[in-house]
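Trainee: Dropping a structure here in structure tokens format, bear with me for questions.
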Amino acid sequence: MSAELFWGLLPPTIVDGLSIGLMYAVIALGYTMVYGVLEFINFAHSEIFMVGAVVGVELITAILIPTGLHALIQVIIAIVVAAAVAGALAVGIERVAYRPLRVRNAPKLVPLISAIGMSLLLIDVMRLILNPANPNRPFPSGGTFEFFSQQLDFGFVQINYKTLTVFVVVMVMLAGLIYLVNYTNLGRAIRAVAQDQSTSSLMGINVSNIIVLTFFIGGALGGVAGVLYALKYGVASPVMGFIPGLKAFTAAVLGGIGSIPGAVVGGLLLGLLETVAGTYLPLMTNEQIGTEYKDIVAFGLLIVILIFKPAGLLGKAVAEKV
Amino acid sequence: MTQTSNDKSALLLASTVISGIVAYLMVLQKNNIESYFVTPVVMYFCLNLYFAGSWKVSRVAQIAVFVLVLAIGIPMIGFTNSLYLQVAVTICIFAAMSLGLNVVVGFAGLLDLGYAAFFAVGAYLWAIFAGSQANEFIAGNLFPLNGNLVFVFIPLALFVAAGFGALLGLPVLKVKGDYLAIITLGLGEVIRVLANNLNKPINITNGSQGVRIAPNPENSPLAFITVPLSEATGIPFFQMQLTMYYVLILVVVAAVAVFVTRLDNSRIGRAWVAIREDEVAAQAMGIPLVRTKLIAFATGASFAGAMGVLYAAVIGFISPNDFNFERSTQILAMVVLGGLGSIQGVIVGAAIVISLNQLVLVEISRVLQLVKLPPRFDPTQYQQLIYGVILIAMMIVRPKGLVPAKRNPAKLENLEHGELAKGVK
């Protein structure tokens with residue numbers, strides 16, 4: 001492979017990797033916030049992401065296109081609605097499948113299994129709703145949606161509006177989340193509950209409400225990521241959540257689960273690494289090792305991180321409370 | 001066992017014999033409207049096994065029911081309608097596998113979501129060498145191998161899968177338990193990706209097309225018994241072969257169940273339960289955490305590997321889609337439904353899940369076709385929905401499962417006389 005080809009491919013690969021990484025980061029935030037508060041892996045989060053994507057795409061196709069609004073405005077409306085639906089769904093799941101177990105103070109394995117069950121249930125309910133014979137919902141293209149395919153030329157790299165939208169939306173959300181968690185009373189309450197539930201309850205915080213709020217925020221972030229993912233890859237389907245969910249969780253562990261900056265760093269790193277691997281592995285091995293192996297790179301990375309830095313890149317090692 | 005007033009032995013035997021005869025007669029004449037009732041009757045006949053375990057009956061009646069159902073009823077029904085025998089064989093394979101997962105999840109409390117990966121290791125091991133696939137990367141046209149070598153490959157797969165389990169468990173088990181679920185999930189995905197893509201540069205797994213074992217006597221195990229038998233009785237070779245598998249796998253399940261029971265009552269079994277209940281306390285008692293967990297992980301993996309070999313032999317065709325996340329959750333659903341840590345429970349769980357999948361849903365959808373239900377509501381398409389509901393409902397309503405595990409508590413007087421200590425050594 002020539003040096004020219006190698007360097008020529010690098011800028012678009014990095015842009016692509018960053019945009020995927022940002023989406024992983026947003027999904028990872030949902031895992032990490034819930035984990036921070038409850039020390040519990042919300043397995044159904046990948047399906048909340050999927051529901052967000054399907055709701056967004058269906059909303060645009062069925063309701064927004066006939067209004068004739070600009071594509072960007074349609075997508076923004078879809079993002080807001082999908083965030084609300086996904087957040088509400090996350091709260092509903094917490095109510096039905098997790099809270100009864102938490103109240104009973106069940107061993108850790110129990111809510112985890114319940115969460116897996118919820119994830120399976122959501123996939124099939126969505127298949128039932130969308131009709132299993134043809135469950136894929138393509139993201140609209142053509143007409144005003146041509147806008148997203150237009151290229152912006154920066155000389156060394158070209159970026160289309162699709163990718164740019166992903167960047168801007170994620171940046172806005174991250175800024176909002178960081179402001180919420182670090183500079184508001186609500187954020188202080190979330191951090192307090194994450195640190196110590198019973199003490200924060202003594203300080204007058206309604207722990208139960210904070211947990212519900214955390215699920216809502218995490219779910220809403222997942223819903224937004226879903227719409228962005230559907231926009232970038234052009235399709236939403238009931239089974240789309242599994243792989244991105246797994247990757248996002250990897251990203252959360254990579255950065256240090258429970259840490260918000262960690263999720264962002266982990267997401268970006270994972271997105272970059274797997275995109276670079278996906279682009280260069282086939283080129284360097286004469287197509288003998290295909291793009292599919294990028295998944296193996298991602299999980300290999302997870303195992304390596306867990307061996308050498310189990311707390312993640314930005315996480316703090318915590319001694320187990322007895 | 002003493003005779004008591006509410007002994008139900010006679011009732012059980014009557015129920016078994018009558019339902020067995022009715023089921024057999026119904027299977028004999030098929031293709032009429034009563035065919036909708038055949039499966040329920042056959043299933044009720046098999047349900048007597050469960051009654052034998054849960055009702056208050058004498059030991060003799062228990063054994064009689066087991067012989068009547070497993071050794072006489074199922075093979076006889078199977079000779080007429082091989083569907084039921086096929087289901088029985090599948091139930092046995094999955095029962096043995098879920099007993100293995102039960103060691104990992106039920107005894108040691110480690111959530112393994114990539115269990116199908118080890119299953120795949122065993123299945124591919126046999127399918128590649130018993131089919132002609134191995135000729136693709138080993139010169140000399142040595143393959144397919146003789147089917148009787150399956151008895152060499154079962155222990156081989158046991159060790160290979162245990163090795164895989166230990167290799168992968170070692171880094172993972174050092175970290176906190178929560179991560180294990182995700183990593184095993186990722187591992188399952190990695191194995192699937194490998195199975196899908198290892199058709200180049202060297203064609204090992206034949207990619208997404210899967211590997212097929214030609215169904216002829218040369219590469220079927222125990223053909224030197226089944227071929228003469230089928231010639232003598234006039235029963236087709238395929239049918240005879242399936243019966244042979246049934247017997248073989250029934251023996252394997254019994255052996256696995258005994259082994260796991262012994263394991264449960266052994267020193268390592270108690271160490272697993274101690275870790276499950278409280279890691280810190282177990283460690284304080286001198287249990288080496290990583291090593292004990294690793295043994296659980298490798299034991300579970302080895303069962304899956306061995307059953308993978310048998311699965312490949314019975315089904316004769318495997319592809320990467322047989323080993324996806326759905327398969328792992330299916331086995332998990334069996335364990336959770338039956339009862340985490342409960343040996344009888346897990347077998348019951350496997351029987352329920354498989355017969356639900358392969359008989360009940362099929363029958364329901366057949367009945368629903370009578371009322372012209374649109375195909376999108378066909379219940380056979382929504383198996384994951386059922387697993388999901390099973391997992392959630394069991395966790396909320398009955399976390400110990402249908403047949404909860406019983407552990408005999410150590411009695412104080414035994415401890416004082418050092419009797420338990422003798423067993424512990």
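Convention: chains lettered A, B, ... in structure tokens order; per-chain residue numbering from 1; ligands numbered from 1 as shown.
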Using only C-alpha atoms, find the residues of chain A whose closest atom to chain B is at most 8 Å away, then write them as a count of residues only.

Mentor: 41

Trainee: Can you pull out every residue from segment 84-298 of chain A that DSSP, working from the backbone, puts in strand (DSSP E), and format the result as a list in words?

Mentor: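 Everything in segment 84-298 of chain A that counts as strand (DSSP E) is Arg137, Pro138, Gln151, Leu152, Asp153, Gln158, Ile159, Asn160, Val235 and Ala236 of chain A.
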
Trainee: Env of segment 57-73 of chain A: 8 Å cut, atoms = only C-alpha atoms, seq-sep filter 6 positions within chain, self excluded. Answer as a ChimeraX atom specification.

Mentor: /A:137-140,144-145,147,227,230,236

Trainee: Using only C-alpha atoms for the distances, tell me which of A:Val81, A:Leu213, A:Ser19, A:Tyr31 is nearest to Tyr161 of chain A.

Mentor: A:Ser19

Trainee: As a VMD selection string, please: the residues near Ala95 of chain B (cut-off 10 Å, only C-alpha atoms, same-chain neighbours under 3 positions excluded).

Mentor: chain B and resid 89 to 92 98 to 101 250 253 256 to 257 307 331 334 to 335 343 to 351 354

Trainee: Please produce a file of the residues just selected, as a compact mmCIF listing (two decimals), in the first residue's frame, where the atoms kept are C-alpha atoms.

Mentor:
# COMPACT_ATOMS: atom_id res chain seq x y z
CA VAL B 89 -32.90 -35.30 21.74
CA THR B 90 -32.74 -31.51 21.57
CA ILE B 91 -34.10 -31.23 25.10
CA CYS B 92 -31.39 -33.58 26.34
CA SER B 98 -27.83 -25.65 30.85
CA LEU B 99 -26.46 -27.85 33.63
CA GLY B 100 -23.08 -26.50 32.59
CA LEU B 101 -24.26 -22.90 32.57
CA LEU B 250 -29.78 -39.66 27.66
CA VAL B 253 -27.35 -36.18 30.56
CA VAL B 256 -23.68 -34.90 33.71
CA ALA B 257 -26.48 -34.62 36.27
CA MET B 307 -22.51 -30.91 23.90
CA ILE B 331 -29.82 -21.27 27.67
CA MET B 334 -33.66 -22.33 30.86
CA VAL B 335 -31.45 -21.93 33.91
CA ILE B 343 -30.16 -29.37 39.10
CA GLN B 344 -33.63 -30.86 38.63
CA GLY B 345 -34.92 -27.36 38.01
CA VAL B 346 -32.50 -26.68 35.17
CA ILE B 347 -33.50 -29.89 33.40
CA VAL B 348 -37.16 -28.94 33.78
CA GLY B 349 -36.31 -25.47 32.46
CA ALA B 350 -34.61 -26.92 29.38
CA ALA B 351 -37.58 -29.20 28.73
CA ILE B 354 -37.37 -26.37 24.06

Trainee: Could you pull out the residues in segment 238-404 of chain B that DSSP calls helix (DSSP H, G or I) from the backbone, as number ranges by chain?

Mentor: B: 238-264, 267-277, 279-284, 289-315, 320-323, 325-338, 343-370, 375-377, 379-381, 383-397

Trainee: State, in Å with one decimal place, the distance from atom CA of Ala248 of chain A to atom CA of Ile27 of chain A.

Mentor: 5.8 Å

Trainee: Using only C-alpha atoms, which residues of segment 312-332 of chain B come within 12 Å of segment 138-151 of chain B, and what is the closest atom pair for each, with the distance in Å to one decimal? Give it as a Markdown table, sorted by chain and residue number.

Mentor:
| residue | atom | partner | partner_atom | distance |
| --- | --- | --- | --- | --- |
| B:Ala312 | CA | B:Val150 | CA | 10.2 |
| B:Ala313 | CA | B:Val150 | CA | 8.0 |
| B:Val314 | CA | B:Val150 | CA | 11.1 |
| B:Gly316 | CA | B:Gly147 | CA | 11.7 |

Trainee: Could you write those residues out with C-alpha atoms, as a short mmCIF file (atom, residue, chain, number, x, y, z; two decimals), in the first residue's frame?

Mentor:
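This is the output file out13.cif:
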data_model
loop_
_atom_site.label_atom_id
_atom_site.label_comp_id
_atom_site.auth_asym_id
_atom_site.auth_seq_id
_atom_site.Cartn_x
_atom_site.Cartn_y
_atom_site.Cartn_z
CA ALA B 312 -23.21 -31.05 15.38
CA ALA B 313 -23.42 -34.84 15.08
CA VAL B 314 -27.19 -34.93 15.59
CA GLY B 316 -25.61 -32.49 10.80
#

Trainee: Phe242 of chain A: which residues within 8 Å, counting only C-alpha atoms, same-chain residues fewer than 3 positions away excluded, as a list in words?

Mentor: Ser46, Glu47, Val239, Gly245 and Leu246 of chain A

Trainee: Could you save those same residues with C-alpha atoms as a short mmCIF file (atom, residue, chain, number, x, y, z; two decimals), in the first residue's frame?

Mentor:
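So the final result, stored in out-v1.cif, reads:
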data_model
loop_
_atom_site.label_atom_id
_atom_site.label_comp_id
_atom_site.auth_asym_id
_atom_site.auth_seq_id
_atom_site.Cartn_x
_atom_site.Cartn_y
_atom_site.Cartn_z
CA SER A 46 -29.22 -0.38 23.83
CA GLU A 47 -32.90 -1.00 23.14
CA VAL A 239 -31.98 -5.15 16.02
CA GLY A 245 -24.88 -0.77 22.82
CA LEU A 246 -22.08 -3.23 23.36
#

Trainee: Can you measure atom CA of Ile364 of chain B to atom CA of Val38 of chain B for me? One decimal in Å is fine.

Mentor: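 We find that atom CA of Ile364 of chain B and atom CA of Val38 of chain B lie 12.7 Å from each other.
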
Trainee: What lies within 8 Å of Ala405 of chain B using only C-alpha atoms, ignoring chain neighbours under 3 positions off, as a list of chain:residue names?

Mentor: B:Gly339, B:Leu340, B:Gly341, B:Ser342, B:Ile343, B:Gly345, B:Lys400

Trainee: Save the residues we just selected, C-alpha atoms, as a short mmCIF file (atom, residue, chain, number, x, y, z; two decimals), in the first residue's frame?

Mentor:
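Produced file out27.cif, reproduced below:
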data_model
loop_
_atom_site.label_atom_id
_atom_site.label_comp_id
_atom_site.auth_asym_id
_atom_site.auth_seq_id
_atom_site.Cartn_x
_atom_site.Cartn_y
_atom_site.Cartn_z
CA GLY B 339 -34.07 -22.26 39.24
CA LEU B 340 -30.53 -20.92 39.56
CA GLY B 341 -28.40 -23.57 41.19
CA SER B 342 -31.09 -26.26 41.06
CA ILE B 343 -30.16 -29.37 39.10
CA GLY B 345 -34.92 -27.36 38.01
CA LYS B 400 -35.51 -18.97 42.89
#

Trainee: Could you tell me how far atom CA of Ser230 of chain B sits from atom CA of Asn216 of chain B, in Å to one decimal place?

Mentor: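 If I compute the distance from atom CA of Asn216 of chain B to atom CA of Ser230 of chain B, I get 13.5 Å.
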
Trainee: Would you pick out the contacts of Ile225 of chain B at 12 Å or less, using only C-alpha atoms, so that residues sharing its chain but fewer than 2 positions from it are not included, and give the list as a count of residues only?

Mentor: 18

Trainee: For Thr214 of chain A, which residue among A:Gly87, A:Gly241, A:Gly255, A:Gly300 is the nearest when counting only C-alpha atoms?

Mentor: A:Gly87
